[in-house]
>>> print(open('input_31.cif').read())   # mmCIF, C-alpha atoms
data_run
#
loop_
_atom_site.label_atom_id
_atom_site.label_comp_id
_atom_site.auth_asym_id
_atom_site.auth_seq_id
_atom_site.Cartn_x
_atom_site.Cartn_y
_atom_site.Cartn_z
CA MET G 7 0.00 0.00 0.00
CA SER G 8 1.45 3.34 -1.03
CA LEU G 9 1.71 6.39 1.20
CA ARG G 10 -0.95 8.08 -0.91
CA HIS G 11 -3.39 5.23 -0.15
CA VAL G 12 -2.73 5.57 3.57
CA ILE G 13 -3.31 9.35 3.52
CA VAL G 14 -6.53 8.96 1.50
CA SER G 15 -7.76 6.23 3.88
CA VAL G 16 -7.07 8.46 6.91
CA PHE G 17 -9.02 11.33 5.31
CA VAL G 18 -11.94 9.04 4.42
CA PHE G 19 -11.99 7.65 7.97
CA CYS G 20 -11.92 11.16 9.47
CA ALA G 21 -14.77 12.23 7.22
CA ILE G 22 -16.94 9.20 8.00
CA TYR G 23 -16.20 8.74 11.72
CA PRO G 24 -18.02 11.80 13.12
CA VAL G 25 -21.18 10.83 11.22
CA SER G 26 -21.19 7.31 12.60
CA ALA G 27 -20.42 8.67 16.07
CA ASN G 28 -23.46 10.94 15.80
CA ASP G 29 -25.60 8.03 14.76
CA LYS G 30 -24.43 6.10 17.79
CA ALA G 31 -25.23 9.03 20.08
CA GLY G 32 -28.68 9.15 18.58
CA GLN G 33 -29.27 5.47 19.19
CA ALA G 34 -30.92 5.38 22.51
CA ASN G 35 -29.99 2.95 25.14
CA ILE G 36 -30.54 3.97 28.77
CA ALA G 37 -27.32 5.88 29.33
CA ASP G 38 -27.49 7.67 26.01
CA GLU G 39 -30.89 9.20 26.70
CA MET G 40 -29.67 10.57 30.02
CA GLU G 41 -26.49 11.84 28.37
CA ALA G 42 -28.57 13.60 25.73
CA TYR G 43 -30.78 15.05 28.47
CA ARG G 44 -27.76 16.41 30.34
CA ALA G 45 -26.27 17.76 27.12
CA ILE G 46 -29.46 19.80 26.59
CA GLN G 47 -29.34 20.98 30.20
CA ASN G 48 -25.77 22.24 29.85
CA ARG G 49 -26.30 24.01 26.53
CA PRO G 50 -25.77 27.81 26.76
CA VAL G 51 -28.27 28.34 23.92
CA THR G 52 -30.73 25.63 22.98
CA THR G 53 -31.99 24.77 19.50
CA VAL G 54 -35.34 23.66 18.12
CA GLN G 55 -33.82 20.17 17.79
CA ASP G 56 -33.17 20.19 21.56
CA LEU G 57 -36.83 20.99 22.14
CA ALA G 58 -37.88 18.19 19.80
CA ASP G 59 -35.62 15.72 21.63
CA LEU G 60 -36.85 16.86 25.04
CA LEU G 61 -40.52 16.64 24.08
CA LEU G 62 -40.00 13.10 22.85
CA MET G 63 -38.20 12.20 26.09
CA TYR G 64 -41.28 13.40 27.99
CA ARG G 65 -43.45 11.25 25.71
CA GLY G 66 -41.15 8.25 26.16
CA GLU G 67 -40.47 8.08 22.41
CA TYR G 68 -36.88 9.32 22.26
CA ALA G 69 -35.41 5.82 22.39
CA LYS G 70 -37.53 4.62 19.48
CA LEU G 71 -36.20 7.20 17.02
CA PRO G 72 -32.49 6.78 16.30
CA THR G 73 -31.66 9.99 14.41
CA GLN G 74 -32.23 13.67 14.99
CA ALA G 75 -33.99 14.03 11.62
CA LYS G 76 -36.52 11.33 12.53
CA ARG G 77 -37.14 12.90 15.93
CA LEU G 78 -37.75 16.33 14.41
CA GLU G 79 -40.04 14.76 11.83
CA ARG G 80 -42.01 13.01 14.57
CA VAL G 81 -42.45 16.25 16.52
CA ARG G 82 -43.62 18.01 13.36
CA GLU G 83 -46.01 15.12 12.69
CA LEU G 84 -47.48 15.59 16.18
CA GLY G 85 -47.93 19.29 15.40
CA LEU G 86 -45.79 20.40 18.33
CA VAL G 87 -43.39 22.42 16.19
CA GLN G 88 -44.38 24.44 13.16
CA LYS G 89 -43.15 23.16 9.81
CA GLU G 90 -40.88 26.09 8.95
CA HIS G 91 -38.43 25.10 11.69
CA ALA G 92 -35.38 23.26 10.38
CA GLY G 93 -34.13 22.16 13.78
CA ASN G 94 -30.71 23.81 13.91
CA GLU G 95 -31.95 27.34 14.62
CA ASP G 96 -31.89 28.77 18.15
CA LEU G 97 -34.96 28.00 20.23
CA ASP G 98 -37.00 31.05 21.21
CA LEU G 99 -39.75 31.42 23.80
CA GLY G 100 -42.44 31.77 21.11
CA THR G 101 -41.63 28.35 19.62
CA LEU G 102 -41.46 26.82 23.09
CA ALA G 103 -44.78 28.39 24.11
CA TYR G 104 -46.44 27.03 20.98
CA ALA G 105 -45.20 23.51 21.80
CA LEU G 106 -46.24 23.78 25.45
CA LEU G 107 -49.70 24.95 24.49
CA LYS G 108 -50.10 21.87 22.30
CA VAL G 109 -48.70 19.43 24.87
CA TYR G 110 -50.13 20.72 28.17
CA GLU G 111 -53.30 22.33 26.82
CA PRO G 112 -53.75 25.28 29.16
CA GLU G 113 -56.76 27.50 28.48
CA GLN G 114 -56.46 29.16 25.08
CA GLY G 115 -57.39 32.74 24.38
CA TRP G 116 -59.45 33.66 21.38
CA LEU G 117 -56.59 35.53 19.71
CA TYR G 118 -54.51 32.36 19.63
CA TRP G 119 -57.57 30.44 18.47
CA LEU G 120 -58.03 32.96 15.70
CA THR G 121 -54.43 33.41 14.56
CA GLY G 122 -52.44 30.43 15.85
CA TRP G 123 -49.51 32.81 16.29
CA GLU G 124 -46.68 32.06 18.67
CA ARG G 125 -46.96 35.46 20.41
CA TYR G 126 -50.51 34.62 21.53
CA ALA G 127 -49.44 31.11 22.51
CA LEU G 128 -46.80 32.73 24.73
CA ARG G 129 -49.41 34.93 26.34
CA ASP G 130 -51.70 31.99 27.11
CA VAL G 131 -48.80 30.02 28.55
CA GLN G 132 -47.86 33.04 30.70
CA GLU G 133 -51.45 33.26 31.96
CA ALA G 134 -51.28 29.60 32.97
CA GLY G 135 -48.20 30.41 35.09
CA ILE G 136 -45.90 28.22 33.03
CA MET G 137 -43.67 31.05 31.81
CA PRO G 138 -42.66 34.28 33.53
CA TYR G 139 -44.63 37.39 32.53
CA LYS G 140 -41.52 39.34 31.63
CA SER G 141 -40.70 37.35 28.52
CA THR G 142 -40.99 37.99 24.80
CA PRO G 143 -41.44 35.57 21.87
CA ALA G 144 -38.00 36.23 20.36
CA GLN G 145 -36.08 35.65 23.60
CA LYS G 146 -33.52 32.81 23.40
CA LEU G 147 -33.03 30.43 26.28
CA SER G 148 -30.38 28.20 27.80
CA GLY G 149 -30.73 24.52 28.64
CA GLU G 150 -31.22 25.27 32.34
CA GLN G 151 -33.98 27.77 31.51
CA LEU G 152 -35.64 25.28 29.19
CA LEU G 153 -35.70 22.58 31.88
CA ALA G 154 -36.95 25.12 34.45
CA ILE G 155 -39.90 25.98 32.19
CA MET G 156 -40.60 22.29 31.62
CA THR G 157 -40.65 21.85 35.43
CA ASP G 158 -43.19 24.68 35.72
CA ALA G 159 -45.29 23.07 32.98
CA GLU G 160 -45.32 19.75 34.85
CA GLU G 161 -46.22 21.60 38.06
CA PHE G 162 -49.09 23.26 36.21
CA VAL G 163 -50.42 19.83 35.17
CA THR G 164 -50.22 18.56 38.77
CA LYS G 165 -52.07 21.60 40.11
CA ARG G 166 -54.71 21.36 37.40
CA SER G 167 -55.38 17.70 38.11
CA GLU G 168 -55.69 18.45 41.85
CA TRP G 169 -58.08 21.27 41.09
CA GLN G 170 -60.16 19.08 38.79
CA LYS G 171 -60.23 16.36 41.46
CA GLU G 172 -61.47 18.85 44.08
CA GLU G 173 -64.13 20.11 41.69
CA LYS G 174 -65.30 16.56 41.03
CA GLU G 175 -65.48 15.80 44.76
CA GLU G 176 -67.47 18.98 45.39
CA LYS G 177 -69.92 18.04 42.64
CA GLU G 178 -70.34 14.54 44.08
CA GLN G 179 -71.16 15.99 47.51
CA MET Q 6 8.53 -16.78 65.50
CA ILE Q 7 6.97 -17.61 62.08
CA THR Q 8 3.61 -18.31 63.71
CA ASN Q 9 3.83 -14.93 65.45
CA THR Q 10 4.49 -13.10 62.16
CA ILE Q 11 1.62 -14.87 60.42
CA LEU Q 12 -0.66 -14.06 63.35
CA ARG Q 13 0.40 -10.39 63.25
CA LYS Q 14 -0.24 -10.24 59.48
CA LYS Q 15 -3.66 -11.85 59.90
CA THR Q 16 -4.57 -9.40 62.67
CA LEU Q 17 -3.51 -6.45 60.54
CA LEU Q 18 -5.44 -7.76 57.53
CA THR Q 19 -8.57 -8.33 59.61
CA PHE Q 20 -8.20 -4.83 61.09
CA PHE Q 21 -7.90 -3.23 57.65
CA ALA Q 22 -10.82 -5.27 56.27
CA LEU Q 23 -13.03 -4.26 59.20
CA ALA Q 24 -11.97 -0.62 58.94
CA THR Q 25 -12.75 -0.57 55.22
CA LEU Q 26 -16.12 -2.25 55.74
CA GLY Q 27 -16.88 0.14 58.59
CA ALA Q 28 -16.01 3.13 56.44
CA VAL Q 29 -18.28 1.93 53.64
CA HIS Q 30 -21.15 1.33 56.06
CA ALA Q 31 -20.62 4.68 57.79
CA LYS Q 32 -20.77 6.45 54.46
CA ALA Q 33 -24.08 4.97 53.22
CA VAL Q 34 -26.80 7.36 54.38
CA ALA Q 35 -29.74 6.42 52.18
CA LYS Q 36 -30.84 3.95 49.57
CA PHE Q 37 -33.16 3.79 46.59
CA GLU Q 38 -36.45 2.36 47.78
CA SER Q 39 -38.26 2.46 44.47
CA ILE Q 40 -37.36 3.45 40.93
CA SER Q 41 -39.33 3.82 37.73
CA GLY Q 42 -37.97 4.94 34.38
CA LEU Q 43 -34.42 6.19 34.00
CA VAL Q 44 -32.67 7.33 37.17
CA GLN Q 45 -28.93 7.95 37.59
CA TYR Q 46 -26.62 8.99 40.42
CA ARG Q 47 -22.98 9.89 40.96
CA GLU Q 48 -20.69 11.00 43.71
CA LYS Q 49 -19.92 14.67 43.06
CA GLY Q 50 -17.46 14.87 40.17
CA GLY Q 51 -17.69 11.12 39.52
CA LYS Q 52 -19.24 9.09 36.73
CA TRP Q 53 -23.00 8.79 36.33
CA GLN Q 54 -24.38 5.31 37.05
CA ASN Q 55 -27.79 3.74 36.63
CA ALA Q 56 -29.68 3.50 39.92
CA LYS Q 57 -31.01 0.19 41.19
CA ILE Q 58 -33.38 -0.54 44.05
CA GLY Q 59 -31.37 -0.88 47.26
CA THR Q 60 -28.27 0.92 45.93
CA PRO Q 61 -26.65 2.60 48.97
CA LEU Q 62 -26.06 6.35 48.66
CA THR Q 63 -23.45 8.41 50.43
CA ALA Q 64 -23.45 12.12 51.27
CA ASN Q 65 -22.34 14.36 48.38
CA THR Q 66 -24.23 12.32 45.81
CA GLU Q 67 -25.98 13.87 42.83
CA LEU Q 68 -29.23 12.30 41.65
CA GLN Q 69 -31.01 12.77 38.37
CA THR Q 70 -34.31 11.47 37.04
CA SER Q 71 -35.15 11.52 33.33
CA PRO Q 72 -38.33 13.23 32.06
CA THR Q 73 -40.18 9.94 32.67
CA GLY Q 74 -38.13 8.70 35.64
CA LYS Q 75 -39.04 8.73 39.32
CA ALA Q 76 -37.19 7.58 42.43
CA THR Q 77 -37.83 7.34 46.14
CA LEU Q 78 -34.96 7.54 48.62
CA LEU Q 79 -35.25 5.98 52.05
CA PHE Q 80 -33.17 7.31 54.94
CA PRO Q 81 -32.29 5.33 58.11
CA ASN Q 82 -34.71 7.49 60.20
CA GLY Q 83 -37.60 6.46 57.94
CA THR Q 84 -37.75 9.73 55.98
CA LYS Q 85 -38.68 9.29 52.35
CA VAL Q 86 -37.83 11.70 49.56
CA THR Q 87 -39.46 11.25 46.17
CA LEU Q 88 -37.74 12.76 43.17
CA LYS Q 89 -40.28 13.43 40.45
CA PRO Q 90 -39.58 13.28 36.68
CA GLY Q 91 -37.00 15.71 35.31
CA THR Q 92 -35.24 16.41 38.60
CA LEU Q 93 -31.60 17.13 39.37
CA ALA Q 94 -30.94 17.06 43.10
CA ALA Q 95 -28.12 16.31 45.50
CA LEU Q 96 -27.93 14.54 48.82
CA ASP Q 97 -25.53 16.81 50.71
CA LEU Q 98 -25.55 15.62 54.29
CA TYR Q 99 -27.10 13.17 56.71
CA THR Q 100 -26.01 13.20 60.35
CA THR Q 101 -27.39 11.81 63.58
CA GLY Q 102 -26.93 13.01 67.15
CA SER Q 103 -28.72 13.65 70.43
CA TYR Q 104 -30.82 16.29 68.59
CA GLY Q 105 -32.18 13.65 66.20
CA THR Q 106 -31.15 13.71 62.57
CA GLN Q 107 -30.17 16.40 60.08
CA THR Q 108 -30.73 15.80 56.36
CA ASN Q 109 -29.62 18.41 53.82
CA MET Q 110 -30.52 18.20 50.15
CA SER Q 111 -30.19 20.55 47.18
CA LEU Q 112 -32.69 20.90 44.38
CA ARG Q 113 -31.22 22.45 41.23
CA VAL Q 114 -34.17 21.85 38.94
CA GLY Q 115 -37.30 19.71 39.16
CA ARG Q 116 -39.73 18.64 41.85
CA MET Q 117 -39.50 16.60 45.03
CA ASN Q 118 -41.70 15.50 47.89
CA ALA Q 119 -40.22 15.10 51.35
CA ASP Q 120 -42.07 12.83 53.74
CA ILE Q 121 -40.25 13.28 57.02
CA ALA Q 122 -40.52 10.58 59.66
CA LYS Q 123 -42.29 11.60 62.86
CA VAL Q 124 -40.57 11.24 66.24
CA ASN Q 125 -42.46 10.76 69.51
CA ASP Q 126 -39.92 12.62 71.62
CA ALA Q 127 -40.07 16.34 72.40
CA ASN Q 128 -36.27 16.68 72.56
CA VAL Q 129 -35.51 14.89 69.33
CA ARG Q 130 -36.41 16.00 65.83
CA ASN Q 131 -35.74 14.95 62.28
CA HIS Q 132 -34.47 18.17 60.71
CA PHE Q 133 -34.77 18.41 56.94
CA ARG Q 134 -33.35 21.23 54.87
CA VAL Q 135 -33.64 21.84 51.13
CA ARG Q 136 -31.51 24.34 49.27
CA THR Q 137 -32.45 25.66 45.81
CA PRO Q 138 -30.49 28.34 43.91
CA THR Q 139 -32.72 31.01 45.51
CA VAL Q 140 -33.93 29.53 48.79
CA VAL Q 141 -33.02 27.56 51.88
CA ALA Q 142 -36.06 25.86 53.39
CA GLY Q 143 -36.08 24.11 56.75
CA VAL Q 144 -38.98 21.69 57.08
CA ARG Q 145 -40.35 21.50 60.62
CA GLY Q 146 -43.16 19.13 59.84
CA SER Q 147 -43.68 15.96 57.99
CA ASN Q 148 -44.70 16.47 54.38
CA ALA Q 149 -43.71 19.11 51.86
CA ASP Q 150 -43.72 19.51 48.08
CA ILE Q 151 -40.86 21.55 46.69
CA SER Q 152 -40.42 22.49 43.06
CA ASN Q 153 -37.75 24.60 41.42
CA GLY Q 154 -38.42 25.84 37.92
CA THR Q 155 -38.38 29.50 36.93
CA SER Q 156 -39.24 30.13 40.59
CA THR Q 157 -39.17 28.04 43.75
CA ASN Q 158 -42.57 26.80 44.93
CA ILE Q 159 -43.05 25.26 48.34
CA ARG Q 160 -46.22 23.74 49.67
CA MET Q 161 -46.63 22.30 53.14
CA ASN Q 162 -49.05 19.37 53.22
CA GLU Q 163 -48.56 18.83 56.96
CA HIS Q 164 -47.03 21.01 59.66
CA SER Q 165 -44.94 24.07 58.80
CA MET Q 166 -41.69 25.25 57.29
CA ASP Q 167 -39.26 28.16 57.61
CA VAL Q 168 -38.08 29.57 54.31
CA MET Q 169 -35.24 31.99 53.78
CA ASN Q 170 -34.31 33.56 50.43
CA ARG Q 171 -30.83 34.65 49.34
CA THR Q 172 -31.27 38.16 50.74
CA GLY Q 173 -31.94 36.73 54.20
CA GLN Q 174 -35.67 37.50 54.13
CA GLN Q 175 -37.44 34.81 56.17
CA ILE Q 176 -41.05 33.63 56.32
CA SER Q 177 -42.91 30.74 57.88
CA VAL Q 178 -45.20 28.60 55.75
CA PRO Q 179 -48.07 27.10 57.76
CA GLN Q 180 -49.75 23.76 57.20
CA GLY Q 181 -51.70 23.73 53.94
CA GLY Q 182 -49.96 26.94 52.87
CA GLY Q 183 -47.46 27.64 50.16
CA THR Q 184 -44.96 30.20 49.02
CA GLN Q 185 -43.39 31.21 45.73
CA ILE Q 186 -39.93 32.71 45.50
CA THR Q 187 -38.63 34.34 42.32
CA GLY Q 188 -35.20 35.92 42.59
CA ASN Q 189 -35.37 38.18 45.64
CA GLN Q 190 -39.16 38.33 45.69
CA MET Q 191 -41.15 36.15 48.11
CA VAL Q 192 -44.91 35.64 47.95
CA ARG Q 193 -46.25 35.08 51.46
CA PRO Q 194 -48.66 32.16 52.07
CA ASP Q 195 -51.66 34.50 52.58
CA GLN Q 196 -50.83 36.45 49.39
CA LEU Q 197 -50.48 33.22 47.42
CA GLU Q 198 -53.77 31.90 48.77
CA SER Q 199 -55.56 35.13 47.95
CA ARG Q 200 -54.10 35.10 44.42
CA ASP Q 201 -55.13 31.45 43.88
CA ASN Q 202 -58.65 32.13 45.10
CA THR Q 203 -59.23 35.36 43.25
CA VAL Q 204 -62.03 35.20 40.72
CA THR Q 205 -62.82 38.00 38.31
CA LEU Q 206 -66.56 38.34 37.98
CA VAL Q 207 -68.01 38.80 34.53
CA MET Q 208 -71.15 40.59 35.68
CA GLY Q 209 -72.56 42.38 38.67
CA GLU Q 210 -75.54 41.30 40.70
CA GLY Q 211 -77.65 44.09 39.24
CA ALA Q 212 -77.51 42.72 35.70
CA ALA Q 213 -80.84 41.94 34.10
CA PRO Q 214 -81.42 38.27 33.15
CA GLY Q 215 -80.88 39.03 29.47
CA GLU Q 216 -77.68 40.91 30.18
CA ALA Q 217 -76.51 38.13 32.44
CA GLU Q 218 -77.13 35.56 29.75
CA MET Q 219 -75.32 37.70 27.20
CA ALA Q 220 -72.42 38.26 29.55
CA MET Q 221 -72.09 34.56 30.25
CA PHE Q 222 -72.28 33.75 26.58
CA ALA Q 223 -69.71 36.39 25.73
CA GLY Q 224 -67.54 35.16 28.60
CA ASP Q 225 -67.66 31.59 27.41
CA PHE Q 226 -67.24 32.15 23.76
CA LEU Q 227 -65.26 35.29 23.15
CA PHE Q 228 -62.99 35.53 26.13
CA SER Q 229 -60.79 33.21 28.01
CA SER Q 230 -59.76 33.96 31.56
CA ASN Q 231 -56.81 35.65 29.88
CA PRO Q 232 -57.04 39.36 30.78
CA SER Q 233 -54.57 40.30 28.04
CA ASP Q 234 -57.11 39.10 25.50
CA PHE Q 235 -59.65 41.43 27.01
CA ALA Q 236 -57.22 44.33 26.77
CA ASP Q 237 -56.60 43.45 23.13
CA PHE Q 238 -60.33 43.27 22.53
CA LEU Q 239 -60.76 46.76 23.96
CA ASP Q 240 -57.91 48.00 21.75
CA PHE Q 241 -59.65 46.41 18.78
CA LEU Q 242 -62.92 48.12 19.66
CA GLY Q 243 -61.01 51.40 19.92
CA PHE Q 244 -59.51 50.76 16.51
CA LEU Q 245 -62.96 50.11 14.99
CA ASP Q 246 -64.26 53.21 16.67
CA ASP Q 247 -61.44 55.25 15.16
CA LEU Q 248 -62.01 53.69 11.77
CA PHE Q 249 -65.73 54.35 11.48
CA ASN Q 250 -66.30 57.43 13.59
CA ARG Q 251 -63.28 59.42 12.55
CA SER Q 252 -64.18 63.07 12.27
CA SER Q 253 -62.60 64.38 9.13
CA VAL Q 254 -60.48 67.50 9.21
CA SER Q 255 -59.74 69.22 5.97
CA PHE Q 256 -57.20 71.92 5.36
CA GLU Q 257 -57.85 74.27 2.58
CA LYS Q 258 -55.41 76.49 0.94
CA LEU Q 259 -56.18 80.03 1.67
#
>>> encode(input="input_31.cif", output="structure tokens")
Amino acid sequence: MSLRHVIVSVFVFCAIYPVSANDKAGQANIADEMEAYRAIQNRPVTTVQDLADLLLMYRGEYAKLPTQAKRLERVRELGLVQKEHAGNEDLDLGTLAYALLKVYEPEQGWLYWLTGWERYALRDVQEAGIMPYKSTPAQKLSGEQLLAIMTDAEEFVTKRSEWQKEEKEEKEQ
Amino acid sequence: MITNTILRKKTLLTFFALATLGAVHAKAVAKFESISGLVQYREKGGKWQNAKIGTPLTANTELQTSPTGKATLLFPNGTKVTLKPGTLAALDLYTTGSYGTQTNMSLRVGRMNADIAKVNDANVRNHFRVRTPTVVAGVRGSNADISNGTSTNIRMNEHSMDVMNRTGQQISVPQGGGTQITGNQMVRPDQLESRDNTVTLVMGEGAAPGEAEMAMFAGDFLFSSNPSDFADFLDFLGFLDDLFNRSSVSFEKL
């Protein structure tokens, strides 16, 4: 084997290796999902792909979809992210609010019902107490902030179910 | 002589083995009582490992549940701490003494429930303290829900709790009460209760039946409970008013 062959082989290997490594990271066994979760948490600025991955983790579907493209496609299919998002752009609060409104179904205002715009989704999510009032649709967010908002969304669901339970008990009495 | 040396070696070995075992046992301060979904733990700075039921945990251990994972920790005094999905917490300290026990935990993000074991002795107490990035909360009672998202929320299901924020402001949360802490701002239990129970009425008592019906219909169909929508609606009415009732002003060249 000539030196030229060796150099070409090294270049080919270097070009292919990162792709296969990415594929492996996408393939979800137990540790990988947690690693991916922590990677999102430590991100200084999150992307729409991070949101897609996180939403699928909450649905328990992350492990079933081996690549990022398939996960984004699945989230689009569920209608949680609007179709114009490519995945690699920075996540903003408007996009997150839209997804949260679809997933957690807080009460929707008529302006969102009428327009379906992210700015009205954000407002409805703020009213539900899931996001802070002092936030705007274009605001970017870090991984920690994203997980904090997801925590508030889960807390909202718990409170709502307790409230509904109390209401049901009152009606039965 | 040889027998003596062997005996000495054996004694030393036994001593070291016992000391090592003792150290391991002294370090374990809690264990996983139940686990569902993905849950991992690590000693601070160490490598993350998958949790299993019965795994002993030492102080300075970080714990993380996945978005679908849940874990319950059991302490020697009978206290149970449940980490809900999507939680990153740490077990900082567990000590025992004549005062009872002291358990310190940190909650970076997520939600937990602390069910603190009761003690039938006036001089002994199971102290439980939770630290979040904005708050240090000392639970005096037996059951509390703590969540840390964009703000820290604490709700006492039984007994009471003292909460202190990072500026040193301190409040007491009574049984059945709650508090919300955002940055340096603390919502007192009575304020939180009043906010939760506040209802905005659509109509007054003096409304005629027809008006009442209309108001209810409008309330159900056009508006949500979202006050911003109402403000927008008023703006929209103002805009229509401007559009159709605009008084025209004309300037003529003199």
>>> resolve_selection(input="input_31.cif", expression="the PyMOL selection byres ((chain Q) within 6 of (chain G))", output="mmCIF file with C-alpha atoms, keeping the file's coordinate frame")
data_model
loop_
_atom_site.group_PDB
_atom_site.id
_atom_site.type_symbol
_atom_site.label_atom_id
_atom_site.label_comp_id
_atom_site.auth_asym_id
_atom_site.auth_seq_id
_atom_site.Cartn_x
_atom_site.Cartn_y
_atom_site.Cartn_z
ATOM 1 C CA PRO Q 72 -38.330 13.230 32.060
ATOM 2 C CA THR Q 73 -40.180 9.940 32.670
ATOM 3 C CA GLY Q 115 -37.300 19.710 39.160
ATOM 4 C CA GLY Q 154 -38.420 25.840 37.920
ATOM 5 C CA THR Q 155 -38.380 29.500 36.930
ATOM 6 C CA SER Q 229 -60.790 33.210 28.010
#
>>> residues_around(input="input_31.cif", residues="Ala95 of chain Q", least_positions_apart="4", cutoff="8 Å", atoms="all atoms listed in the file", output="PyMOL selection string")
chain Q and resi 65-68+110-112
>>> closest_residue(input="input_31.cif", among="Q:Val114, Q:Ala33, Q:Val129, Q:Ala119", to="Gly102 of chain Q", atoms="all atoms listed in the file")
Q:Val129
>>> resolve_selection(input="input_31.cif", expression="the PyMOL selection byres ((chain Q and resi 75) around 9)", output="mmCIF file with C-alpha atoms, keeping the file's coordinate frame")
data_model
loop_
_atom_site.group_PDB
_atom_site.id
_atom_site.type_symbol
_atom_site.label_atom_id
_atom_site.label_comp_id
_atom_site.auth_asym_id
_atom_site.auth_seq_id
_atom_site.Cartn_x
_atom_site.Cartn_y
_atom_site.Cartn_z
ATOM 1 C CA SER Q 39 -38.260 2.460 44.470
ATOM 2 C CA ILE Q 40 -37.360 3.450 40.930
ATOM 3 C CA SER Q 41 -39.330 3.820 37.730
ATOM 4 C CA GLY Q 42 -37.970 4.940 34.380
ATOM 5 C CA LEU Q 43 -34.420 6.190 34.000
ATOM 6 C CA VAL Q 44 -32.670 7.330 37.170
ATOM 7 C CA THR Q 70 -34.310 11.470 37.040
ATOM 8 C CA SER Q 71 -35.150 11.520 33.330
ATOM 9 C CA PRO Q 72 -38.330 13.230 32.060
ATOM 10 C CA THR Q 73 -40.180 9.940 32.670
ATOM 11 C CA GLY Q 74 -38.130 8.700 35.640
ATOM 12 C CA ALA Q 76 -37.190 7.580 42.430
ATOM 13 C CA THR Q 77 -37.830 7.340 46.140
ATOM 14 C CA THR Q 87 -39.460 11.250 46.170
ATOM 15 C CA LEU Q 88 -37.740 12.760 43.170
ATOM 16 C CA LYS Q 89 -40.280 13.430 40.450
ATOM 17 C CA PRO Q 90 -39.580 13.280 36.680
ATOM 18 C CA GLY Q 91 -37.000 15.710 35.310
ATOM 19 C CA THR Q 92 -35.240 16.410 38.600
#
>>> residues_around(input="input_31.cif", residues="Leu128 of chain G", least_positions_apart="3", cutoff="7 Å", atoms="only C-alpha atoms", output="PyMOL selection string")
chain G and resi 100+103-104+124-125+131-132+143
>>> residues_around(input="input_31.cif", residues="segment 77-90 of chain G", least_positions_apart="2", cutoff="6 Å", atoms="all atoms listed in the file", output="list in words")
Ala58, Leu71, Gln74, Ala75 and Ala105 of chain G
>>> atom_distance(input="input_31.cif", atom1="atom CA of Thr53 of chain G", atom2="atom CA of Lys70 of chain G")
20.9 Å
>>> resolve_selection(input="input_31.cif", expression="the PyMOL selection byres ((chain Q and resi 98) around 6)", output="VMD selection string")
chain Q and resid 64 97 99 108 to 109
>>> atom_distance(input="input_31.cif", atom1="atom CA of Lys165 of chain G", atom2="atom CA of Gly135 of chain G")
10.9 Å
>>> atom_distance(input="input_31.cif", atom1="atom CA of Thr63 of chain Q", atom2="atom CA of Ala35 of chain Q")
6.8 Å
